[in-house]
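K.L.:
Data: coords.cif, mmCIF, C-alpha atoms.
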data_structure
loop_
_atom_site.label_atom_id
_atom_site.label_comp_id
_atom_site.auth_asym_id
_atom_site.auth_seq_id
_atom_site.Cartn_x
_atom_site.Cartn_y
_atom_site.Cartn_z
CA MET A 26 108.77 123.83 90.06
CA LYS A 27 109.61 127.48 90.66
CA PRO A 28 108.29 129.51 93.58
CA ALA A 29 105.35 131.80 92.78
CA PHE A 30 106.17 135.02 90.94
CA GLY A 31 104.44 137.79 88.95
CA PRO A 32 101.14 136.85 87.32
CA ASN A 33 101.88 133.19 88.00
CA ASP A 34 100.85 133.50 91.61
CA PHE A 35 98.50 130.55 91.25
CA LEU A 36 99.04 126.82 91.16
CA ILE A 37 96.77 124.15 89.76
CA VAL A 38 96.77 120.99 91.86
CA ILE A 39 95.36 117.65 90.74
CA PRO A 40 95.01 114.91 93.37
CA ALA A 41 95.24 111.57 91.60
CA PHE A 42 94.94 107.92 92.53
CA ASN A 43 95.06 105.33 89.74
CA GLU A 44 94.16 107.87 87.04
CA GLU A 45 96.59 106.58 84.41
CA GLY A 46 93.88 106.64 81.74
CA ALA A 47 92.76 110.23 82.23
CA ILE A 48 95.58 112.23 83.81
CA ALA A 49 97.55 113.00 80.64
CA GLY A 50 94.45 114.42 78.92
CA VAL A 51 93.66 116.59 81.95
CA VAL A 52 97.20 118.01 82.17
CA LYS A 53 97.44 118.67 78.42
CA GLU A 54 94.03 120.35 78.36
CA ILE A 55 95.04 122.65 81.23
CA ASN A 56 98.27 123.49 79.39
CA ARG A 57 96.25 124.41 76.29
CA VAL A 58 93.93 126.72 78.25
CA LEU A 59 96.64 128.22 80.50
CA PRO A 60 100.03 127.59 78.80
CA GLU A 61 102.07 129.31 81.55
CA ALA A 62 100.26 127.83 84.52
CA PRO A 63 102.23 125.50 86.80
CA VAL A 64 100.43 122.17 87.21
CA LEU A 65 101.11 119.88 90.17
CA VAL A 66 99.79 116.33 90.21
CA ILE A 67 99.77 114.79 93.68
CA ASP A 68 100.09 111.06 93.20
CA ASP A 69 98.50 109.27 96.14
CA CYS A 70 100.77 106.23 95.74
CA SER A 71 98.91 104.92 92.68
CA GLU A 72 99.28 101.27 91.74
CA ASP A 73 99.34 102.13 88.04
CA GLY A 74 101.55 104.48 86.03
CA THR A 75 99.77 107.74 87.01
CA LYS A 76 103.03 109.33 88.20
CA TYR A 77 104.96 108.67 84.98
CA VAL A 78 102.06 109.52 82.66
CA ALA A 79 101.54 112.85 84.47
CA LYS A 80 105.25 113.66 84.24
CA GLY A 81 105.25 112.74 80.57
CA ALA A 82 102.35 115.13 79.98
CA GLY A 83 104.40 118.00 81.45
CA ALA A 84 103.16 118.23 85.04
CA ASP A 85 105.25 118.36 88.19
CA VAL A 86 104.51 115.37 90.39
CA LEU A 87 104.45 115.24 94.17
CA GLY A 88 104.62 111.53 94.98
CA LEU A 89 103.30 110.42 98.36
CA PRO A 90 105.15 107.53 100.03
CA TYR A 91 101.90 105.66 100.83
CA HIS A 92 98.18 106.04 100.16
CA LEU A 93 96.87 108.86 102.37
CA GLY A 94 93.37 109.22 100.96
CA LEU A 95 91.91 112.27 99.24
CA GLY A 96 92.19 114.71 102.16
CA GLY A 97 95.81 113.88 102.99
CA CYS A 98 96.66 114.02 99.29
CA VAL A 99 95.08 117.46 98.72
CA GLN A 100 96.58 118.81 101.95
CA ALA A 101 100.08 117.76 100.80
CA GLY A 102 99.55 119.87 97.66
CA TYR A 103 98.28 122.81 99.72
CA LYS A 104 101.32 122.58 102.02
CA LEU A 105 103.74 122.65 99.10
CA ALA A 106 101.87 125.55 97.44
CA PHE A 107 101.96 127.50 100.70
CA GLU A 108 105.70 126.90 101.15
CA LEU A 109 106.40 128.00 97.57
CA GLY A 110 104.51 131.24 98.20
CA TYR A 111 101.49 130.81 95.92
CA ASP A 112 98.58 133.17 96.56
CA PHE A 113 95.90 131.05 94.90
CA VAL A 114 95.45 127.32 94.38
CA ILE A 115 92.88 125.78 92.06
CA ARG A 116 92.07 122.12 92.69
CA VAL A 117 90.91 120.07 89.72
CA ASP A 118 89.98 116.37 89.72
CA GLY A 119 92.24 113.96 87.85
CA ASP A 120 89.42 112.09 86.10
CA GLY A 121 88.65 114.81 83.57
CA GLN A 122 85.20 115.73 84.94
CA HIS A 123 86.16 119.36 85.42
CA ASP A 124 86.52 121.54 82.34
CA PRO A 125 89.84 123.47 82.44
CA ALA A 126 88.16 126.23 80.42
CA ASP A 127 86.42 127.18 83.70
CA ILE A 128 89.70 127.66 85.61
CA PRO A 129 90.25 131.31 84.54
CA ARG A 130 86.76 132.24 85.80
CA VAL A 131 87.39 130.56 89.17
CA LEU A 132 90.68 132.46 89.43
CA GLU A 133 89.11 135.79 88.41
CA THR A 134 86.35 135.36 90.98
CA LEU A 135 88.92 134.55 93.67
CA ARG A 136 90.91 137.69 92.84
CA ALA A 137 87.92 140.03 92.43
CA SER A 138 85.57 138.87 95.19
CA GLY A 139 88.03 138.64 98.08
CA CYS A 140 86.37 135.34 99.06
CA GLN A 141 88.64 132.77 100.60
CA MET A 142 87.11 129.98 98.53
CA VAL A 143 85.37 129.68 95.17
CA ILE A 144 83.49 126.51 94.30
CA GLY A 145 82.84 125.39 90.74
CA SER A 146 79.24 124.23 90.96
CA ARG A 147 77.49 121.83 88.59
CA PHE A 148 74.09 122.84 89.97
CA TYR A 149 74.35 126.58 89.90
CA ASN A 150 72.32 126.77 86.70
CA HIS A 151 69.99 124.08 88.06
CA ASP A 152 71.36 121.36 85.84
CA GLY A 153 73.26 118.47 87.35
CA PRO A 154 74.39 116.09 84.66
CA HIS A 155 76.71 113.12 85.26
CA THR A 156 75.63 112.66 88.85
CA SER A 157 74.35 109.34 90.17
CA ARG A 158 71.00 109.22 91.99
CA VAL A 159 72.68 108.27 95.27
CA ARG A 160 75.06 111.22 95.02
CA ALA A 161 72.23 113.57 94.04
CA LEU A 162 70.28 112.47 97.14
CA GLY A 163 73.36 112.94 99.31
CA ILE A 164 73.83 116.45 97.89
CA LEU A 165 70.19 117.31 98.70
CA LEU A 166 70.68 116.08 102.27
CA PHE A 167 73.89 118.04 102.80
CA ARG A 168 72.44 121.18 101.22
CA ALA A 169 69.67 121.08 103.85
CA ILE A 170 72.12 120.43 106.71
CA LEU A 171 74.64 123.07 105.64
CA ARG A 172 72.11 125.86 104.97
CA PRO A 173 71.62 126.89 108.65
CA ILE A 174 75.28 126.24 109.54
CA LEU A 175 76.72 128.38 106.74
CA GLY A 176 73.95 130.97 106.85
CA LYS A 177 73.54 130.80 103.08
CA PRO A 178 72.67 128.12 100.54
CA VAL A 179 75.31 126.02 98.86
CA GLN A 180 74.31 124.28 95.62
CA ASP A 181 77.17 121.83 95.16
CA PRO A 182 78.84 121.06 98.52
CA THR A 183 80.56 117.91 97.19
CA SER A 184 82.31 119.64 94.29
CA GLY A 185 86.03 118.95 94.01
CA PHE A 186 86.52 121.91 91.65
CA VAL A 187 87.66 124.48 94.18
CA GLY A 188 89.86 127.57 94.28
CA VAL A 189 91.33 128.90 97.53
CA ASN A 190 93.37 131.98 98.40
CA ARG A 191 96.41 132.16 100.67
CA GLN A 192 94.36 132.84 103.82
CA ALA A 193 92.43 129.59 103.37
CA LEU A 194 95.62 127.85 102.30
CA GLU A 195 97.26 128.75 105.60
CA VAL A 196 94.33 127.30 107.54
CA PHE A 197 94.24 124.12 105.45
CA THR A 198 97.96 123.44 105.92
CA ARG A 199 97.23 123.15 109.63
CA SER A 200 93.77 121.57 109.61
CA PHE A 201 92.21 119.62 106.77
CA PRO A 202 89.73 116.73 106.84
CA LEU A 203 91.47 113.52 105.80
CA GLU A 204 88.58 111.67 104.16
CA TYR A 205 85.87 113.22 101.95
CA PRO A 206 87.08 116.77 102.68
CA GLU A 207 84.75 118.92 100.53
CA ILE A 208 81.81 119.36 102.91
CA GLU A 209 83.79 119.56 106.15
CA THR A 210 86.03 122.16 104.54
CA LEU A 211 83.05 124.51 104.23
CA VAL A 212 82.35 124.21 107.97
CA VAL A 213 86.04 124.78 108.77
CA LEU A 214 85.88 127.98 106.67
CA GLN A 215 82.71 129.09 108.47
CA ARG A 216 84.45 128.55 111.82
CA LYS A 217 87.13 131.00 110.67
CA ARG A 218 84.43 133.41 109.44
CA PHE A 219 85.78 133.09 105.90
CA LYS A 220 83.58 133.57 102.84
CA PHE A 221 82.95 131.34 99.86
CA GLN A 222 81.22 131.85 96.53
CA GLU A 223 79.86 129.41 93.95
CA ILE A 224 80.08 129.89 90.22
CA ALA A 225 78.48 127.81 87.49
CA CYS A 226 80.87 125.32 85.92
CA HIS A 227 80.54 122.69 83.25
CA MET A 228 80.91 119.10 84.42
CA ARG A 229 81.67 116.22 82.08
CA PRO A 230 81.61 112.45 82.43
CA ARG A 231 84.87 111.01 83.78
CA GLN A 232 87.32 110.30 80.96
CA ALA A 233 88.55 106.93 82.31
CA GLY A 234 88.41 104.66 85.36
CA ARG A 235 85.64 104.31 87.91
CA SER A 236 84.54 106.37 90.90
CA SER A 237 85.93 105.06 94.19
CA ILE A 238 82.58 105.72 95.89
CA THR A 239 80.47 102.53 95.74
CA PRO A 240 76.86 102.33 97.12
CA VAL A 241 78.16 100.89 100.44
CA LYS A 242 80.81 103.59 100.63
CA SER A 243 78.11 106.20 99.94
CA LEU A 244 76.43 105.26 103.22
CA TYR A 245 79.77 105.39 105.06
CA TYR A 246 80.41 108.74 103.34
CA ILE A 247 77.16 110.22 104.69
CA VAL A 248 77.79 108.98 108.26
CA HIS A 249 81.45 110.07 108.20
CA VAL A 250 80.71 113.54 106.84
CA LEU A 251 77.79 114.08 109.24
CA LEU A 252 80.07 113.21 112.14
CA GLY A 253 82.81 115.51 110.78
CA VAL A 254 80.35 118.39 110.41
CA PHE A 255 79.04 117.79 113.95
CA VAL A 256 82.58 117.74 115.42
CA ASN A 257 83.41 120.99 113.61
CA ILE A 258 80.26 122.62 115.01
CA LEU A 259 81.34 121.55 118.51
CA LYS A 260 84.75 123.19 117.93
CA PHE A 261 82.94 126.27 116.64
CA ASP A 262 80.75 126.47 119.77
CA SER A 263 83.61 125.96 122.23
CA ARG A 264 85.56 128.77 120.53
CA ARG A 265 82.51 131.07 120.78
CA ARG A 266 82.23 130.33 124.50
CA LYS A 267 85.93 131.11 125.03
CA ASN A 268 85.50 134.44 123.24
CA MET B 10 81.24 82.93 142.89
CA ASP B 11 84.48 81.43 144.25
CA ARG B 12 85.16 79.67 140.96
CA LEU B 13 84.63 82.89 139.00
CA LEU B 14 86.98 84.77 141.32
CA THR B 15 89.62 82.06 140.98
CA VAL B 16 89.37 82.20 137.19
CA THR B 17 89.63 86.02 137.28
CA THR B 18 92.68 85.77 139.56
CA LEU B 19 94.38 83.34 137.15
CA LEU B 20 93.48 85.53 134.15
CA SER B 21 94.86 88.63 135.88
CA ILE B 22 98.14 86.86 136.71
CA ALA B 23 98.37 85.54 133.12
CA LEU B 24 97.78 89.05 131.77
CA ILE B 25 100.42 90.58 134.06
CA LEU B 26 102.97 87.92 133.03
CA LEU B 27 102.10 88.32 129.33
CA VAL B 28 102.53 92.11 129.49
CA LEU B 29 105.83 91.83 131.42
CA PHE B 30 107.21 89.29 128.92
CA SER B 31 106.09 91.49 126.02
CA VAL B 32 107.84 94.51 127.54
CA ARG B 33 110.99 92.42 128.11
CA ARG B 34 110.99 91.33 124.47
CA SER B 35 110.26 94.92 123.32
CA HIS B 36 106.91 93.91 121.79
CA ILE B 37 105.19 96.56 123.89
CA ARG B 38 106.79 99.83 124.91
CA VAL B 39 106.93 100.50 128.67
CA GLU B 40 104.61 103.54 128.45
CA TYR B 41 101.91 101.45 126.73
CA SER B 42 102.21 98.58 129.20
CA VAL B 43 101.17 100.80 132.13
CA SER B 44 97.44 100.77 131.21
CA TRP B 45 97.37 96.97 130.88
CA LEU B 46 99.33 96.43 134.09
CA ALA B 47 97.14 98.87 136.05
CA ALA B 48 93.96 97.18 134.75
CA SER B 49 95.17 93.64 135.48
CA ILE B 50 96.48 94.53 138.98
CA ALA B 51 93.14 96.19 139.79
CA LEU B 52 91.39 92.98 138.66
CA LEU B 53 93.73 90.84 140.75
CA ILE B 54 93.06 92.92 143.89
CA LEU B 55 89.29 92.83 143.34
CA SER B 56 89.20 89.11 142.71
CA ARG B 57 91.07 88.45 145.99
CA SER B 58 88.98 90.89 148.13
CA HIS B 59 85.50 89.46 148.67
CA GLY B 60 84.61 92.21 151.12
CA LEU B 61 85.56 95.00 148.72
CA LEU B 62 83.68 93.37 145.85
CA THR B 63 80.54 92.92 147.98
CA TRP B 64 80.76 96.56 149.10
CA ILE B 65 81.06 97.73 145.46
CA ALA B 66 78.10 95.51 144.46
CA ASN B 67 75.97 96.99 147.27
CA PHE B 68 77.08 100.51 146.31
CA LEU B 69 76.05 99.90 142.69
CA GLY B 70 72.78 98.31 143.79
CA LEU B 71 73.67 94.91 142.34
CA SER B 72 72.48 91.74 144.04
CA ASP B 73 75.40 89.61 142.77
CA PRO B 74 79.06 90.58 143.48
CA PRO B 75 80.19 88.72 140.27
CA LEU B 76 78.04 91.16 138.26
CA ALA B 77 80.00 94.00 139.83
CA LEU B 78 83.24 92.29 138.83
CA ILE B 79 82.05 91.92 135.21
CA LEU B 80 80.99 95.58 135.16
CA ILE B 81 84.37 96.69 136.52
CA VAL B 82 86.26 94.49 134.02
CA PHE B 83 84.20 96.01 131.21
CA GLY B 84 84.77 99.55 132.51
CA LEU B 85 88.52 99.06 132.96
CA PHE B 86 89.06 97.69 129.47
CA LEU B 87 86.83 100.39 127.98
CA VAL B 88 89.18 103.00 129.50
CA VAL B 89 92.24 101.11 128.17
CA PHE B 90 90.71 100.89 124.65
CA TYR B 91 89.77 104.57 124.73
CA ARG B 92 93.34 105.51 125.73
CA PHE B 93 94.73 103.45 122.85
CA SER B 94 92.26 105.03 120.39
CA VAL B 95 93.62 108.45 121.40
CA ILE B 96 97.21 107.21 120.98
CA ILE B 97 96.46 105.61 117.58
CA SER B 98 94.77 108.82 116.36
CA ASP B 99 97.78 110.91 117.43
CA LEU B 100 100.14 108.45 115.74
CA LYS B 101 98.08 108.51 112.52
CA ASP B 102 98.12 112.33 112.44
CA ALA B 103 101.88 112.38 113.05
CA ASN B 104 102.41 109.70 110.42
CA ILE B 105 100.41 111.57 107.77
CA ALA B 106 102.23 114.84 108.53
CA MET B 107 105.56 112.99 108.25
CA ALA B 108 104.59 111.33 104.94
CA GLN B 109 103.57 114.74 103.52
CA ARG B 110 106.81 116.34 104.74
CA LEU B 111 108.86 113.51 103.25
CA ALA B 112 107.08 113.88 99.89
CA ILE B 113 107.61 117.67 99.89
CA LEU B 114 111.30 117.39 100.79
CA GLU B 115 111.83 114.73 98.12
CA PHE B 116 110.05 116.96 95.58
CA GLN B 117 112.17 120.01 96.45
CA LEU B 118 115.38 117.98 96.38
CA GLN B 119 114.51 116.61 92.94
CA SER B 120 113.58 120.09 91.67
CA ARG B 121 116.97 121.39 92.85
CA HIS B 122 118.79 118.52 91.09
CA GLU B 123 116.90 119.21 87.86
CA SER B 124 117.62 122.96 87.96
CA ASP B 125 121.40 122.42 88.59
#
Spit out the file's structure as structure tokens when you get a sec.

P.N.:
Amino acid sequence: MKPAFGPNDFLIVIPAFNEEGAIAGVVKEINRVLPEAPVLVIDDCSEDGTKYVAKGAGADVLGLPYHLGLGGCVQAGYKLAFELGYDFVIRVDGDGQHDPADIPRVLETLRASGCQMVIGSRFYNHDGPHTSRVRALGILLFRAILRPILGKPVQDPTSGFVGVNRQALEVFTRSFPLEYPEIETLVVLQRKRFKFQEIACHMRPRQAGRSSITPVKSLYYIVHVLLGVFVNILKFDSRRRKN
Amino acid sequence: MDRLLTVTTLLSIALILLVLFSVRRSHIRVEYSVSWLAASIALLILSRSHGLLTWIANFLGLSDPPLALILIVFGLFLVVFYRFSVIISDLKDANIAMAQRLAILEFQLQSRHESD
């Protein structure tokens, strides 16, 4: 992979764990929409052939030596993008739920708005297909919790379809939640007084495999994220006091 | 009470010996043995000092000195476990950062090979 240059100042990163069935389709679809765009698959030490399938489809692959979990996996991609000098990074899931046709709009919004983060939201047009009831309930809960913290509503706080600029990238290379990062990331951004914007995006059913979040894990997810949000608020308050 | 104190004395001595043997065989690093040794020596002293234990029980408002001993044992090991949680968290952070760095270096090395 070449360092960032000219109009190719953005990198598309795809965290993947056991996505052998879907990853090739995702990479090829991105290449069709954005033929010049560099695509980096971060293989979180998959037990299947994700790494080789992604390479075969034309992506660069950053292979982790052991399974770090989603946060550690995404952060590795952010660190590499930062070192290579990219100004923008768009994160897309490896299961094919995110439509690559939406990537140019996320990128345009990042460039035009000056926001540090742009979230592709499945609920922005008040339709939320392909979301389980448990997840929908979790999203409602976190919307209510995040509203006063962020000072503005967020429709889809669990979306993994996210674009960040270099300012956010620099912060995330130093501090990034290791498990279930999406919601905590918003609080980290708020701590830094960064801005985010949501845009409507089309979500599809996953192309292959199963979600790693089971009903039991959903409960753990809620407790873990609530604790993470709380800890970030504590950091926020202590910084305010120092100032 | 005497029997409990004798058992605590024996347990403390066993713990001290176990930690020292583990350090000797490099199963535990010296810096991590300090917490265990400090906790077990404190237990040994308390279990051999009836007067001190009774004073602590009175200070805490407990009628039974053995209760004070159990409370102190619990408190001491809570501190040791907390210290190890901090150490494990630091190690995990360092380990993740190292794994990411290794992956990035390997990636850049491979990219250089491919471009040559």

K.L.:
Gly83 (chain A): which residues within 9 Å, counting all atoms listed in the file, same-chain residues fewer than 5 positions away excluded, as number ranges by chain?

P.N.:
A: 49, 52-53, 56, 64, 78

K.L.:
Name the residues in contact with Leu61 (chain B) at a cut-off of 12 Å, using all atoms listed in the file, excluding same-chain residues fewer than 4 positions from it; report them as a ChimeraX atom specification.

P.N.:
/B:51-52,54-57,65-68,74-75,77-78

K.L.:
Expand the PyMOL selection byres ((chain B) within 12 of (chain A)) into the explicit residue set it covers here, and present it as number ranges by chain.

P.N.:
B: 101-124

K.L.:
Taking (101.2, 111.6, 86.4) in the file's coordinates, which residues come within 7 Å, counting only C-alpha atoms, written as a ChimeraX atom specification?

P.N.:
/A:48-49,66,68,75-80,86

K.L.:
With a distance cut-off of 8 Å and all atoms listed in the file, select the neighbouring residues of Arg216 (chain A), excluding the residue or stretch itself and same-chain residues fewer than 3 positions from it, and output the selection as a list in words.

P.N.:
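Everything that qualifies: Val212, Val213, Phe219, Asn257, Ile258 and Phe261 of chain A.
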
K.L.:
Please dump the current selection as an mmCIF file, in the frame of the given file; keep C-alpha atoms.

P.N.:
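Contents of result.cif, as written:
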data_model
loop_
_atom_site.group_PDB
_atom_site.id
_atom_site.type_symbol
_atom_site.label_atom_id
_atom_site.label_comp_id
_atom_site.auth_asym_id
_atom_site.auth_seq_id
_atom_site.Cartn_x
_atom_site.Cartn_y
_atom_site.Cartn_z
ATOM 1 C CA VAL A 212 82.350 124.210 107.970
ATOM 2 C CA VAL A 213 86.040 124.780 108.770
ATOM 3 C CA PHE A 219 85.780 133.090 105.900
ATOM 4 C CA ASN A 257 83.410 120.990 113.610
ATOM 5 C CA ILE A 258 80.260 122.620 115.010
ATOM 6 C CA PHE A 261 82.940 126.270 116.640
#

K.L.:
Which residues fall under the PyMOL selection byres ((chain A and resi 115) around 12) in this file, as a PyMOL selection string?

P.N.:
chain A and resi 34-40+55+62-66+99+102-103+106+111-114+116-118+123+125+127-135+141-145+185-191+193-194

K.L.:
Determine the nearest neighbour of Leu14 (chain B) from the options B:Leu53, B:Ile81, B:Ile96, B:Leu69, counting only C-alpha atoms.

P.N.:
B:Leu53

K.L.:
Could you list, as a ChimeraX atom specification, every residue matched by the PyMOL selection byres ((chain B and resi 37-41) around 12) in this structure?

P.N.:
/B:27-36,42-47,89-90,92-93,96-97

K.L.:
Record the distance separating CA of Cys70 (chain A) and CA of Phe42 (chain A), expressed in Å with one decimal.

P.N.:
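A separation of 6.9 Å between them.
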
K.L.:
Could you jot down the CA of Ala23 (chain B) to CA of Ile50 (chain B) separation for me, Å, one decimal place?

P.N.:
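Straight-line distance from CA of Ala23 (chain B) to CA of Ile50 (chain B) works out to 10.9 Å.
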
K.L.:
What does the distance from CA of Gly81 (chain A) to CA of Val51 (chain A) come to in Å, to one decimal?

P.N.:
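According to the coordinates, CA of Gly81 (chain A) and CA of Val51 (chain A) are separated by 12.3 Å.
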